[in-house]
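Engineer: Here you go, run.csv (CSV, C-alpha atoms and all ligand atoms):
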```
chain,number,residue,atom,x,y,z
Z,1446,MET,CA,6.2,-25.4,-6.9
Z,1447,THR,CA,6.8,-23.8,-3.5
Z,1448,ALA,CA,6.7,-26.1,-0.4
Z,1449,VAL,CA,4.2,-25.1,2.3
Z,1450,ILE,CA,6.0,-22.4,4.3
Z,1451,PHE,CA,3.3,-21.9,7.0
Z,1452,PRO,CA,1.1,-24.9,7.7
Z,1453,ARG,CA,-1.4,-22.5,9.4
Z,1454,LEU,CA,-1.5,-18.9,8.3
Z,1455,ALA,CA,-3.8,-16.4,10.0
Z,1456,LEU,CA,-4.9,-13.2,8.3
Z,1457,ILE,CA,-6.5,-10.5,10.6
Z,1458,GLY,CA,-8.3,-8.0,8.3
Z,1459,ILE,CA,-9.4,-9.2,4.9
Z,1460,GLY,CA,-9.5,-6.1,2.7
Z,1461,LEU,CA,-7.4,-5.5,-0.5
Z,1462,ILE,CA,-4.1,-6.6,1.1
Z,1463,GLY,CA,-5.4,-9.4,3.3
Z,1464,SER,CA,-7.4,-11.0,0.4
Z,1465,SER,CA,-4.5,-10.6,-2.0
Z,1466,ILE,CA,-2.2,-12.4,0.4
Z,1467,ALA,CA,-4.8,-15.2,0.7
Z,1468,LEU,CA,-5.1,-15.6,-3.1
Z,1469,ALA,CA,-1.3,-15.3,-3.7
Z,1470,ALA,CA,-0.6,-17.8,-0.9
Z,1471,ARG,CA,-3.0,-20.2,-2.5
Z,1472,ARG,CA,-1.6,-19.7,-5.9
Z,1473,ALA,CA,1.9,-20.5,-4.6
Z,1474,LYS,CA,0.7,-23.2,-2.2
Z,1475,ALA,CA,2.8,-21.4,0.4
Z,1476,ALA,CA,0.2,-21.9,3.2
Z,1477,GLY,CA,-1.6,-24.9,4.4
Z,1478,HIS,CA,-4.7,-23.9,6.4
Z,1479,ILE,CA,-5.7,-20.2,6.0
Z,1480,ALA,CA,-7.6,-18.8,9.0
Z,1481,ILE,CA,-9.3,-15.5,8.5
Z,1482,SER,CA,-10.8,-13.0,11.0
Z,1483,THR,CA,-12.1,-9.5,10.5
Z,1484,ARG,CA,-14.0,-6.9,12.5
Z,1485,THR,CA,-17.3,-6.7,10.6
Z,1486,PRO,CA,-19.6,-9.8,10.2
Z,1487,ALA,CA,-20.6,-8.8,6.7
Z,1488,THR,CA,-16.9,-8.6,5.6
Z,1489,LEU,CA,-16.2,-12.0,7.2
Z,1490,LYS,CA,-19.3,-13.5,5.4
Z,1491,ARG,CA,-18.1,-12.0,2.0
Z,1492,ALA,CA,-14.6,-13.5,2.6
Z,1493,GLU,CA,-16.3,-16.9,3.2
Z,1494,GLU,CA,-18.4,-16.5,0.0
Z,1495,LEU,CA,-15.2,-15.8,-1.9
Z,1496,ARG,CA,-13.6,-18.9,-0.4
Z,1497,LEU,CA,-10.5,-16.8,0.6
Z,1498,GLY,CA,-9.7,-19.1,3.5
Z,1499,ASP,CA,-10.4,-22.4,5.2
Z,1500,SER,CA,-11.8,-21.2,8.5
Z,1501,PHE,CA,-13.5,-17.9,9.4
Z,1502,HIS,CA,-13.5,-16.4,12.9
Z,1503,ALA,CA,-15.3,-13.5,14.5
Z,1504,ASP,CA,-12.6,-13.4,17.2
Z,1505,PRO,CA,-9.1,-12.7,15.9
Z,1506,ALA,CA,-7.6,-14.7,18.8
Z,1507,ASP,CA,-9.4,-17.8,17.4
Z,1508,ALA,CA,-7.8,-17.3,14.0
Z,1509,ALA,CA,-4.4,-16.7,15.6
Z,1510,ALA,CA,-4.5,-19.8,17.9
Z,1511,GLY,CA,-2.0,-22.3,16.7
Z,1512,ALA,CA,-0.9,-20.3,13.7
Z,1513,ASP,CA,2.7,-20.4,12.4
Z,1514,CYS,CA,2.3,-17.0,11.0
Z,1515,VAL,CA,-0.2,-14.2,11.8
Z,1516,ILE,CA,-0.3,-11.3,9.4
Z,1517,VAL,CA,-2.3,-8.2,10.6
Z,1518,CYS,CA,-3.8,-6.5,7.6
Z,1519,VAL,CA,-5.8,-3.6,9.1
Z,1520,PRO,CA,-5.4,0.2,9.0
Z,1521,VAL,CA,-2.2,1.3,10.8
Z,1522,GLY,CA,-4.2,3.0,13.6
Z,1523,ALA,CA,-5.9,-0.3,14.5
Z,1524,SER,CA,-2.7,-2.5,14.7
Z,1525,GLY,CA,-2.1,-2.1,18.5
Z,1526,GLU,CA,-5.7,-3.0,19.4
Z,1527,VAL,CA,-5.5,-6.1,17.2
Z,1528,ALA,CA,-2.1,-7.2,18.6
Z,1529,GLU,CA,-3.5,-6.9,22.1
Z,1530,LYS,CA,-6.4,-9.2,21.2
Z,1531,ILE,CA,-4.3,-11.9,19.5
Z,1532,ALA,CA,-1.4,-11.9,22.0
Z,1533,PRO,CA,-2.8,-14.5,24.5
Z,1534,ALA,CA,-3.5,-17.0,21.6
Z,1535,LEU,CA,0.0,-16.9,20.0
Z,1536,LYS,CA,2.0,-20.1,20.1
Z,1537,PRO,CA,5.7,-20.1,20.9
Z,1538,GLY,CA,7.8,-19.8,17.8
Z,1539,ALA,CA,5.0,-18.2,15.7
Z,1540,ILE,CA,5.7,-15.2,13.5
Z,1541,VAL,CA,3.6,-12.1,13.9
Z,1542,SER,CA,3.8,-9.6,11.0
Z,1543,ASP,CA,1.7,-6.8,9.4
Z,1544,VAL,CA,1.4,-5.0,6.1
Z,1545,GLY,CA,1.0,-1.4,7.4
Z,1546,SER,CA,2.3,1.5,5.2
Z,1547,VAL,CA,4.1,3.1,8.2
Z,1548,LYS,CA,6.5,1.1,10.3
Z,1549,GLN,CA,7.7,3.0,13.4
Z,1550,SER,CA,4.2,3.6,14.6
Z,1551,VAL,CA,3.1,0.0,14.0
Z,1552,ILE,CA,6.2,-1.2,16.0
Z,1553,ARG,CA,5.3,1.2,18.9
Z,1554,GLN,CA,1.7,0.0,18.9
Z,1555,MET,CA,2.3,-3.8,18.5
Z,1556,ALA,CA,5.6,-4.7,20.1
Z,1557,PRO,CA,4.5,-4.2,23.7
Z,1558,HIS,CA,1.9,-6.9,23.2
Z,1559,ILE,CA,4.0,-9.6,21.6
Z,1560,PRO,CA,4.8,-12.4,24.1
Z,1561,PRO,CA,8.4,-13.7,24.6
Z,1562,GLY,CA,9.2,-16.6,22.2
Z,1563,VAL,CA,7.1,-15.1,19.4
Z,1564,HIS,CA,8.9,-13.4,16.4
Z,1565,PHE,CA,7.7,-10.0,15.6
Z,1566,ILE,CA,8.7,-9.0,12.0
Z,1567,PRO,CA,6.9,-5.9,10.6
Z,1568,ALA,CA,6.5,-5.8,6.8
Z,1569,HIS,CA,5.2,-3.5,4.1
Z,1570,PRO,CA,4.3,-4.9,0.7
Z,1571,VAL,CA,4.8,-1.8,-1.6
Z,1572,ALA,CA,1.9,-2.7,-3.9
Z,1573,GLY,CA,-1.7,-1.8,-4.0
Z,1574,THR,CA,-4.6,-0.1,-5.9
Z,1575,GLU,CA,-7.2,2.4,-5.0
Z,1576,HIS,CA,-9.8,-0.4,-4.3
Z,1577,SER,CA,-10.7,-1.8,-0.9
Z,1578,ASP,CA,-12.5,-4.8,0.7
Z,1579,PRO,CA,-12.2,-8.6,0.1
Z,1580,ASP,CA,-13.5,-8.3,-3.5
Z,1581,ALA,CA,-10.6,-6.1,-4.5
Z,1582,GLY,CA,-7.9,-8.7,-3.9
Z,1583,PHE,CA,-6.0,-10.5,-6.7
Z,1584,ALA,CA,-3.3,-13.1,-6.6
Z,1585,GLU,CA,-0.9,-11.1,-8.9
Z,1586,LEU,CA,-0.8,-8.0,-6.7
Z,1587,PHE,CA,2.7,-8.6,-5.3
Z,1588,ASP,CA,4.3,-9.9,-8.5
Z,1589,ASN,CA,7.5,-8.1,-9.2
Z,1590,ARG,CA,6.8,-5.6,-6.4
Z,1591,TRP,CA,8.9,-5.0,-3.3
Z,1592,CYS,CA,8.1,-6.1,0.2
Z,1593,ILE,CA,10.1,-4.3,2.9
Z,1594,LEU,CA,10.8,-6.1,6.2
Z,1595,THR,CA,11.7,-4.0,9.3
Z,1596,PRO,CA,12.7,-6.6,12.0
Z,1597,PRO,CA,13.8,-5.1,15.3
Z,1598,PRO,CA,17.5,-5.6,16.1
Z,1599,GLY,CA,18.1,-9.1,17.5
Z,1600,THR,CA,15.2,-10.8,15.6
Z,1601,ASP,CA,15.8,-14.5,14.9
Z,1602,ALA,CA,17.4,-14.6,11.5
Z,1603,ALA,CA,15.7,-17.9,10.6
Z,1604,ALA,CA,12.3,-16.4,11.2
Z,1605,VAL,CA,13.2,-13.4,9.0
Z,1606,ASP,CA,14.3,-15.8,6.3
Z,1607,ARG,CA,11.1,-17.8,6.6
Z,1608,LEU,CA,8.9,-14.7,6.2
Z,1609,ALA,CA,11.1,-13.4,3.4
Z,1610,GLY,CA,10.7,-16.8,1.6
Z,1611,PHE,CA,6.9,-16.5,2.0
Z,1612,TRP,CA,6.8,-13.1,0.4
Z,1613,ARG,CA,9.1,-14.3,-2.4
Z,1614,ALA,CA,6.7,-17.2,-3.0
Z,1615,LEU,CA,3.9,-14.6,-3.3
Z,1616,GLY,CA,5.9,-13.0,-6.2
Z,1617,ALA,CA,7.6,-10.1,-4.4
Z,1618,HIS,CA,11.2,-9.0,-4.0
Z,1619,VAL,CA,12.3,-8.6,-0.4
Z,1620,GLU,CA,14.4,-5.9,1.2
Z,1621,VAL,CA,15.3,-5.5,4.9
Z,1622,MET,CA,15.3,-1.9,6.2
Z,1623,ALA,CA,15.4,0.1,9.4
Z,1624,PRO,CA,11.8,1.3,10.2
Z,1625,GLU,CA,12.8,5.0,10.4
Z,1626,HIS,CA,14.5,4.8,7.0
Z,1627,HIS,CA,11.3,3.0,5.6
Z,1628,ASP,CA,9.1,5.8,6.9
Z,1629,MET,CA,11.3,8.5,5.3
Z,1630,VAL,CA,11.5,6.8,1.9
Z,1631,LEU,CA,7.8,6.0,1.8
Z,1632,ALA,CA,6.9,9.6,2.8
Z,1633,ILE,CA,8.4,10.9,-0.4
Z,1634,THR,CA,7.6,8.0,-2.7
Z,1635,SER,CA,4.0,7.4,-1.6
Z,1636,HIS,CA,2.6,9.5,1.3
Z,1637,VAL,CA,3.4,13.0,-0.1
Z,1638,PRO,CA,2.2,12.0,-3.6
Z,1639,HIS,CA,-1.1,10.8,-2.2
Z,1640,LEU,CA,-1.5,14.1,-0.2
Z,1641,ILE,CA,-0.8,16.1,-3.4
Z,1642,ALA,CA,-3.4,14.1,-5.2
Z,1643,TYR,CA,-6.0,14.5,-2.5
Z,1644,ASN,CA,-5.2,18.2,-2.4
Z,1645,ILE,CA,-5.4,18.9,-6.1
Z,1646,VAL,CA,-8.6,17.0,-6.6
Z,1647,GLY,CA,-10.0,18.9,-3.6
Z,1648,THR,CA,-8.9,22.2,-5.0
Z,1649,ALA,CA,-10.5,21.5,-8.4
Z,1650,ALA,CA,-13.7,20.5,-6.7
Z,1651,HIS,CA,-13.8,23.8,-4.8
Z,1652,LEU,CA,-13.0,26.0,-7.8
Z,1653,GLU,CA,-15.9,28.3,-8.3
Z,1654,GLU,CA,-15.0,29.6,-11.7
Z,1655,VAL,CA,-14.7,26.1,-13.3
Z,1656,SER,CA,-17.9,24.2,-13.4
Z,1657,GLN,CA,-17.9,20.6,-12.2
Z,1658,SER,CA,-18.8,19.4,-15.6
Z,1659,GLU,CA,-15.7,21.1,-17.2
Z,1660,VAL,CA,-13.5,19.4,-14.6
Z,1661,MET,CA,-15.0,16.0,-15.6
Z,1662,LYS,CA,-15.0,16.7,-19.3
Z,1663,TYR,CA,-11.3,17.7,-19.6
Z,1664,ALA,CA,-10.1,15.3,-16.9
Z,1665,ALA,CA,-7.8,13.5,-19.4
Z,1666,GLY,CA,-5.5,16.5,-19.4
Z,1667,GLY,CA,-3.7,15.0,-16.3
Z,1668,PHE,CA,-6.3,15.6,-13.6
Z,1669,ARG,CA,-7.7,12.1,-14.1
Z,1670,ASP,CA,-4.5,10.4,-13.0
Z,1671,PHE,CA,-4.6,12.3,-9.7
Z,1672,THR,CA,-8.3,11.3,-9.2
Z,1673,ARG,CA,-7.3,7.6,-9.2
Z,1674,ILE,CA,-4.9,8.1,-6.4
Z,1675,ALA,CA,-7.3,10.4,-4.6
Z,1676,ALA,CA,-10.0,7.6,-4.6
Z,1677,SER,CA,-7.8,5.6,-2.2
Z,1678,ASP,CA,-9.3,4.4,1.1
Z,1679,PRO,CA,-10.0,7.4,3.4
Z,1680,THR,CA,-9.4,5.4,6.7
Z,1681,MET,CA,-6.2,3.9,5.5
Z,1682,TRP,CA,-4.8,7.2,4.4
Z,1683,ARG,CA,-6.0,9.2,7.4
Z,1684,ASP,CA,-4.0,6.7,9.5
Z,1685,VAL,CA,-0.9,6.9,7.3
Z,1686,PHE,CA,-0.7,10.7,7.8
Z,1687,LEU,CA,-1.5,10.6,11.5
Z,1688,ASN,CA,1.1,7.9,12.0
Z,1689,ASN,CA,4.0,9.1,9.8
Z,1690,LYS,CA,3.7,12.8,10.8
Z,1691,GLU,CA,7.4,13.7,11.2
Z,1692,ALA,CA,8.6,12.2,8.0
Z,1693,VAL,CA,5.7,13.6,6.0
Z,1694,LEU,CA,6.1,17.1,7.4
Z,1695,GLU,CA,9.9,16.9,6.7
Z,1696,MET,CA,9.2,15.9,3.0
Z,1697,LEU,CA,6.4,18.5,2.7
Z,1698,GLY,CA,8.9,21.2,3.8
Z,1699,ARG,CA,11.2,20.2,1.0
Z,1700,PHE,CA,8.4,20.0,-1.5
Z,1701,ASN,CA,7.2,23.5,-0.6
Z,1702,GLU,CA,10.7,24.9,-1.1
Z,1703,ASP,CA,10.9,23.3,-4.5
Z,1704,LEU,CA,7.4,24.5,-5.4
Z,1705,SER,CA,8.4,28.1,-4.4
Z,1706,MET,CA,11.4,27.8,-6.7
Z,1707,LEU,CA,9.2,26.7,-9.6
Z,1708,THR,CA,6.7,29.5,-8.8
Z,1709,ARG,CA,9.5,32.0,-9.0
Z,1710,ALA,CA,10.8,30.5,-12.3
Z,1711,ILE,CA,7.4,30.9,-13.9
Z,1712,ARG,CA,7.0,34.5,-12.5
Z,1713,MET,CA,10.4,35.5,-13.8
Z,1714,GLY,CA,10.0,33.8,-17.2
Z,1715,ASP,CA,13.0,31.5,-16.4
Z,1716,GLY,CA,12.4,28.8,-19.0
Z,1717,GLN,CA,15.8,27.2,-18.6
Z,1718,THR,CA,15.1,26.3,-15.0
Z,1719,LEU,CA,11.7,24.7,-16.0
Z,1720,PHE,CA,13.2,22.9,-19.0
Z,1721,ASP,CA,16.1,21.5,-16.9
Z,1722,LEU,CA,13.8,20.2,-14.2
Z,1723,PHE,CA,11.3,18.7,-16.7
Z,1724,THR,CA,14.2,17.0,-18.5
Z,1725,ARG,CA,15.5,15.4,-15.3
Z,1726,THR,CA,12.0,14.2,-14.2
Z,1727,ARG,CA,11.4,12.6,-17.6
Z,1728,GLY,CA,14.7,10.6,-17.0
Z,1729,ILE,CA,13.3,9.4,-13.6
Z,1730,ARG,CA,10.2,8.0,-15.3
Z,1731,ARG,CA,12.4,6.2,-17.9
Z,1732,SER,CA,14.4,4.7,-15.0
Z,1733,ILE,CA,11.3,3.4,-13.3
Z,1734,ILE,CA,10.2,1.7,-16.6
Z,1735,GLU,CA,13.7,0.3,-17.1
Z,1736,ILE,CA,13.6,-1.5,-13.7
Z,1737,GLY,CA,10.2,-3.0,-14.5
Z,1738,GLN,CA,8.1,-1.0,-12.0
Z,1739,GLU,CA,6.0,0.7,-14.6
Z,1740,THR,CA,4.6,0.0,-18.1
Z,1741,PRO,CA,6.2,1.8,-21.1
Z,1742,ALA,CA,2.8,1.8,-22.8
Z,1743,PRO,CA,1.6,5.4,-23.5
Z,1744,ASP,CA,-1.1,6.7,-21.1
Z,1745,PHE,CA,-0.5,3.7,-18.7
Z,1746,GLY,CA,-1.8,1.3,-21.5
Z,1747,ARG,CA,-5.3,2.8,-21.4
Z,1748,PRO,CA,-7.3,1.8,-24.5
Z,1749,HIS,CA,-7.9,4.6,-27.0
Z,1750,GLY,CA,-10.2,4.9,-30.0
Z,1751,PRO,CA,-13.9,4.2,-30.2
Z,1752,GLN,CA,-15.3,2.4,-27.2
Z,1753,GLU,CA,-18.4,2.0,-25.2
Z,1754,PRO,CA,-18.4,4.6,-22.4
Z,1755,SER,CA,-18.7,1.8,-19.9
Z,1756,THR,CA,-15.8,-0.3,-21.2
Z,1757,PRO,CA,-13.8,-1.1,-18.1
Z,1758,MET,CA,-10.2,0.1,-18.1
Z,1759,PRO,CA,-7.5,-2.6,-17.8
Z,1760,ARG,CA,-6.4,-3.0,-14.2
Z,1761,PRO,CA,-3.9,-0.3,-13.5
Z,1762,TYR,CA,-0.4,-1.3,-12.8
Z,1763,ALA,CA,-0.5,-1.8,-9.1
Z,1764,SER,CA,1.8,1.0,-7.8
Z,1765,ASP,CA,0.4,2.6,-4.7
Z,1766,ASP,CA,0.8,1.6,-1.2
J,1,LIG,P1,-9.0,-2.3,3.2
J,1,LIG,O1,-9.2,-3.0,1.9
J,1,LIG,O2,-9.8,-1.1,3.6
J,1,LIG,O3,-9.3,-3.4,4.4
J,1,LIG,C1,-9.1,-3.1,5.7
J,1,LIG,C2,-9.4,-4.3,6.6
J,1,LIG,O4,-9.1,-3.9,8.0
J,1,LIG,C3,-10.8,-4.7,6.6
J,1,LIG,O5,-10.9,-6.1,6.7
J,1,LIG,C4,-11.4,-4.1,7.9
J,1,LIG,O6,-12.4,-4.9,8.5
J,1,LIG,C5,-10.2,-4.1,8.8
J,1,LIG,N1,-10.4,-3.0,9.8
J,1,LIG,C6,-10.6,-1.7,9.5
J,1,LIG,N2,-10.6,-1.0,10.7
J,1,LIG,C7,-10.4,-1.8,11.7
J,1,LIG,C8,-10.3,-1.7,13.1
J,1,LIG,N3,-10.4,-0.5,13.7
J,1,LIG,N4,-10.1,-2.8,13.8
J,1,LIG,C9,-10.0,-4.0,13.2
J,1,LIG,N5,-10.0,-4.2,11.9
J,1,LIG,C10,-10.2,-3.1,11.1
J,1,LIG,O7,-7.5,-1.9,3.5
J,1,LIG,P2,-6.2,-2.4,2.8
J,1,LIG,O8,-6.0,-1.7,1.6
J,1,LIG,O9,-6.2,-3.9,2.7
J,1,LIG,O10,-5.1,-1.9,3.8
J,1,LIG,C11,-4.8,-2.7,5.0
J,1,LIG,C12,-3.4,-2.3,5.4
J,1,LIG,O11,-2.5,-2.5,4.4
J,1,LIG,C13,-3.2,-0.9,5.9
J,1,LIG,O12,-2.4,-0.8,7.1
J,1,LIG,C14,-2.5,-0.2,4.8
J,1,LIG,O13,-1.6,0.8,5.3
J,1,LIG,C15,-1.7,-1.3,4.2
J,1,LIG,N6,-1.4,-1.2,2.8
J,1,LIG,C16,-2.3,-0.8,1.9
J,1,LIG,C17,-2.0,-0.7,0.5
J,1,LIG,C18,-3.0,-0.2,-0.5
J,1,LIG,O14,-2.7,0.2,-1.5
J,1,LIG,N7,-4.3,-0.3,-0.2
J,1,LIG,C19,-0.7,-1.1,0.1
J,1,LIG,C20,0.2,-1.6,1.0
J,1,LIG,C21,-0.1,-1.6,2.4
J,1,LIG,P3,-14.0,-4.8,8.3
J,1,LIG,O15,-14.2,-4.6,6.8
J,1,LIG,O16,-14.3,-6.2,8.7
J,1,LIG,O17,-14.5,-3.8,9.2
```
Now that the file is in, can you turn its structure into C-alpha cells?
Ligand code: NAP
Structural biologist:
Amino acid sequence: MTAVIFPRLALIGIGLIGSSIALAARRAKAAGHIAISTRTPATLKRAEELRLGDSFHADPADAAAGADCVIVCVPVGASGEVAEKIAPALKPGAIVSDVGSVKQSVIRQMAPHIPPGVHFIPAHPVAGTEHSDPDAGFAELFDNRWCILTPPPGTDAAAVDRLAGFWRALGAHVEVMAPEHHDMVLAITSHVPHLIAYNIVGTAAHLEEVSQSEVMKYAAGGFRDFTRIAASDPTMWRDVFLNNKEAVLEMLGRFNEDLSMLTRAIRMGDGQTLFDLFTRTRGIRRSIIEIGQETPAPDFGRPHGPQEPSTPMPRPYASDD
C-alpha cells in the first residue's frame, strides 16, 4: 500500500482526467484530503454526488489554499486564467502541476503567476478516452500508461521525485522530458492522428454521392475506428491545435509529403512501394502490442457474433490523450 504522498491534494477542473486522478489517488491512498473546484456549479454538484473528493469549492483559490499539490485539469487554453486565480492561495513548498496535452504553451501561460517558493512541475498523462465530464473518470485510466513531466530547468529535484512518485502510485510510468520535445512527439503520436480522424469523418459526412445511411451501415470497414477519436471533446482539441501550432504544422508538412508519395504510387501502379510501407506499418503495430500499450485481440477486442444492438462495447483500451 502506498503511503500518503500529498496530505491535501487540490484538483481544479473535474472532467475525465480530474475525476480519474481523484479515483486513482483514492485507490492508491496516495492523497489525504482531496479538494475539488470547477467552473460550472452543475459539474461541481455532480462531482460531489459521485463523492470524488472531500471538499468542494466554487472558488479555485479555496481548493488550492493549504494544498500540498494542486493539479490543474482544464483545457489548455484556460490554464493561465486558473493559475492567476489560485496563485495568492498557494502555500510555500506546494507543487503546482497540470495535465495539459501541450506543454510549452501551458508553461508560457502558468509560469508567470507561480509565486517564489512554489514548485511548478507541468505534466501530461498520456492516457484518455473520447469521453468527458466527471462521470467519465475511472481509477484504472493511468495503469501502465506514461505520464510525462516537463519541469523547468532548476526545479527542485525532491519535488519532481514526489510528483513522479504520486503518478507511479496512480499506476503510470514516468518520464521527464523537455517541453519542446514533448510537443513535437505528441504532435505526431496524438495531435495529427486526431486531426486526420476529425477530417476523414468530416469528409465522409460531406460526401454527396454516399448517403449518410451507407456511411453508418458500412462503418466497420475502418471508418468506425476514426469516429471514436473524432468524438473527442471539441473544446479540448480546439485548444490543443491552437496551442501546439508550430509542431502540428511541422508534422502536417511531413504527413502531406508522404501522402503525396502514396498518391503517386497508386497513380503509377507502384505496388512495391505500397507493399513495403504497409509491411513496415504492420511491424509498428506489433511493437506497440509487444510493449503492452495495446491489446493483441482482433478488432480491439470488440465482441463479435450475435448480440443485442444496444450491447455496450467493452471500454476501449485508453490510448488517446
Ligand atoms: P473534460 O472532461 O472536458 O473536463 C474539463 C474540465 O475543465 C471541466 O471540469 C470543466 O469545467 C473545466 N473547464 C473547461 N473550460 C474551463 C475554463 N475556461 N475555465 C476553467 N475551467 C474550465 O476534459 P479532460 O478530458 O479532463 O481534459 C482536461 C485536460 O486534460 C486538458 O488540458 C487536456 O488537454 C488534458 N488531457 C486530456 C486527455 C483526454 O483524453 N481527454 C488525455 C490527457 C490529457 P466545468 O465542467 O465545470 O465547466
Engineer: For ligand LIG 1 (chain J), which residue out of Z:Ile1552, Z:Ala1650, Z:Ala1492, Z:Ile1711 is the nearest one, using only C-alpha atoms and all ligand atoms?
Structural biologist: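 The closest residue to ligand LIG 1 (chain J) is Z:Ala1492.
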Engineer: Provide the atom CA of Z:Asp1744 to atom C13 of ligand LIG 1 (chain J) distance in Å, to one decimal place.
Structural biologist: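 It comes out at 28.1 Å.
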Engineer: What separation in Å, quoted to one decimal, exists between atom CA of Z:His1627 and atom CA of Z:Ala1556?
Structural biologist: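 Taking atom CA of Z:His1627 as the start and atom CA of Z:Ala1556 as the end point, the length is 17.4 Å.
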Engineer: Between Z:Leu1707, Z:Ile1734, Z:Ala1603, Z:Val1449, which residue has the minimum interatomic distance to Z:Asp1721, considering all atoms listed in the file?
Structural biologist: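 Of Z:Leu1707, Z:Ile1734, Z:Ala1603, Z:Val1449, the one nearest Z:Asp1721 is Z:Leu1707, counting all atoms listed in the file.
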Engineer: Counting only C-alpha atoms and all ligand atoms, name the residues that have an atom within 6 Å of an atom of ligand LIG 1 (chain J); the answer should be given as a short mmCIF file (atom, residue, chain, number, x, y, z; two decimals) with C-alpha atoms, keeping the file's coordinate frame.
Structural biologist:
```cif
data_model
loop_
_atom_site.label_atom_id
_atom_site.label_comp_id
_atom_site.auth_asym_id
_atom_site.auth_seq_id
_atom_site.Cartn_x
_atom_site.Cartn_y
_atom_site.Cartn_z
CA GLY Z 1458 -8.30 -8.00 8.30
CA ILE Z 1459 -9.40 -9.20 4.90
CA GLY Z 1460 -9.50 -6.10 2.70
CA LEU Z 1461 -7.40 -5.50 -0.50
CA ILE Z 1462 -4.10 -6.60 1.10
CA GLY Z 1463 -5.40 -9.40 3.30
CA THR Z 1483 -12.10 -9.50 10.50
CA ARG Z 1484 -14.00 -6.90 12.50
CA THR Z 1485 -17.30 -6.70 10.60
CA THR Z 1488 -16.90 -8.60 5.60
CA CYS Z 1518 -3.80 -6.50 7.60
CA VAL Z 1519 -5.80 -3.60 9.10
CA PRO Z 1520 -5.40 0.20 9.00
CA VAL Z 1521 -2.20 1.30 10.80
CA ALA Z 1523 -5.90 -0.30 14.50
CA VAL Z 1544 1.40 -5.00 6.10
CA GLY Z 1545 1.00 -1.40 7.40
CA SER Z 1546 2.30 1.50 5.20
CA HIS Z 1569 5.20 -3.50 4.10
CA PRO Z 1570 4.30 -4.90 0.70
CA VAL Z 1571 4.80 -1.80 -1.60
CA ALA Z 1572 1.90 -2.70 -3.90
CA GLY Z 1573 -1.70 -1.80 -4.00
CA THR Z 1574 -4.60 -0.10 -5.90
CA SER Z 1577 -10.70 -1.80 -0.90
CA ASP Z 1578 -12.50 -4.80 0.70
CA MET Z 1681 -6.20 3.90 5.50
CA ASP Z 1765 0.40 2.60 -4.70
CA ASP Z 1766 0.80 1.60 -1.20
#
```
Engineer: Go through Z:Ala1617, Z:Ile1450, Z:Val1547, Z:Leu1535 one by one, measure the shortest atom-to-atom distance of each to Z:Ala1604 using only C-alpha atoms, and give the residue with the smallest value.
Structural biologist: Z:Ile1450
Engineer: Using only C-alpha atoms, which of Z:His1651, Z:Leu1697, Z:Glu1493, Z:Gln1549 sits nearest Z:His1636?
Structural biologist: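 Checking each candidate against Z:His1636, we get Z:Leu1697 as the closest.
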Engineer: Which residues come within 8 Å of stretch 1467-1479 of chain Z, counting all atoms listed in the file, excluding same-chain residues fewer than 2 positions away, as a PyMOL selection string?
Structural biologist: chain Z and resi 1446-1456+1463-1465+1481+1497-1500+1582-1587+1611+1614-1616
Engineer: For Z:Met1555, which residue among Z:Ala1509, Z:Ala1528, Z:Leu1631, Z:Ala1742 is the nearest when counting all atoms listed in the file?
Structural biologist: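 Of Z:Ala1509, Z:Ala1528, Z:Leu1631, Z:Ala1742, the one nearest Z:Met1555, counting all atoms listed in the file, is Z:Ala1528.
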Engineer: As an exercise, work out the distance from atom CA of Z:Ala1665 to atom CA of Z:Ile1729 in Å and give it to one decimal place.
Structural biologist: 22.3 Å
Engineer: Just checking: using all atoms listed in the file, which residue out of Z:Lys1548, Z:His1502, Z:Arg1731, Z:Arg1607 ends up closest to Z:His1626?
Structural biologist: Z:Lys1548
Engineer: Any chance you could tabulate, as CSV, the residues of stretch 1561-1656 of chain Z at most 8 Å from stretch 1687-1692 of chain Z with each one's nearest atom pair and distance in Å to one decimal, using only C-alpha atoms, in chain and rising number order?
Structural biologist:
```
residue,atom,partner,partner_atom,distance
Z:Asp1628,CA,Z:Ala1692,CA,6.5
Z:Met1629,CA,Z:Ala1692,CA,5.3
Z:Ala1632,CA,Z:Ala1692,CA,6.1
```
Engineer: If we count all atoms listed in the file and set the cut-off at 6 Å, which residues sit around stretch 1642-1645 of chain Z, ignoring sequence neighbours fewer than 2 positions away in its own chain? Please answer as a list in words.
Structural biologist: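 The neighbour list is His1639, Leu1640, Gly1647, Thr1648, Phe1671 and Ala1675 of chain Z.
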Engineer: Quick one: everything within 9 Å of Z:Leu1608, counting only C-alpha atoms, minus sequence neighbours fewer than 4 positions away in the same chain. Send it as a ChimeraX atom specification.
Structural biologist: /Z:1450,1514,1540,1542,1566,1594,1603-1604,1612-1613
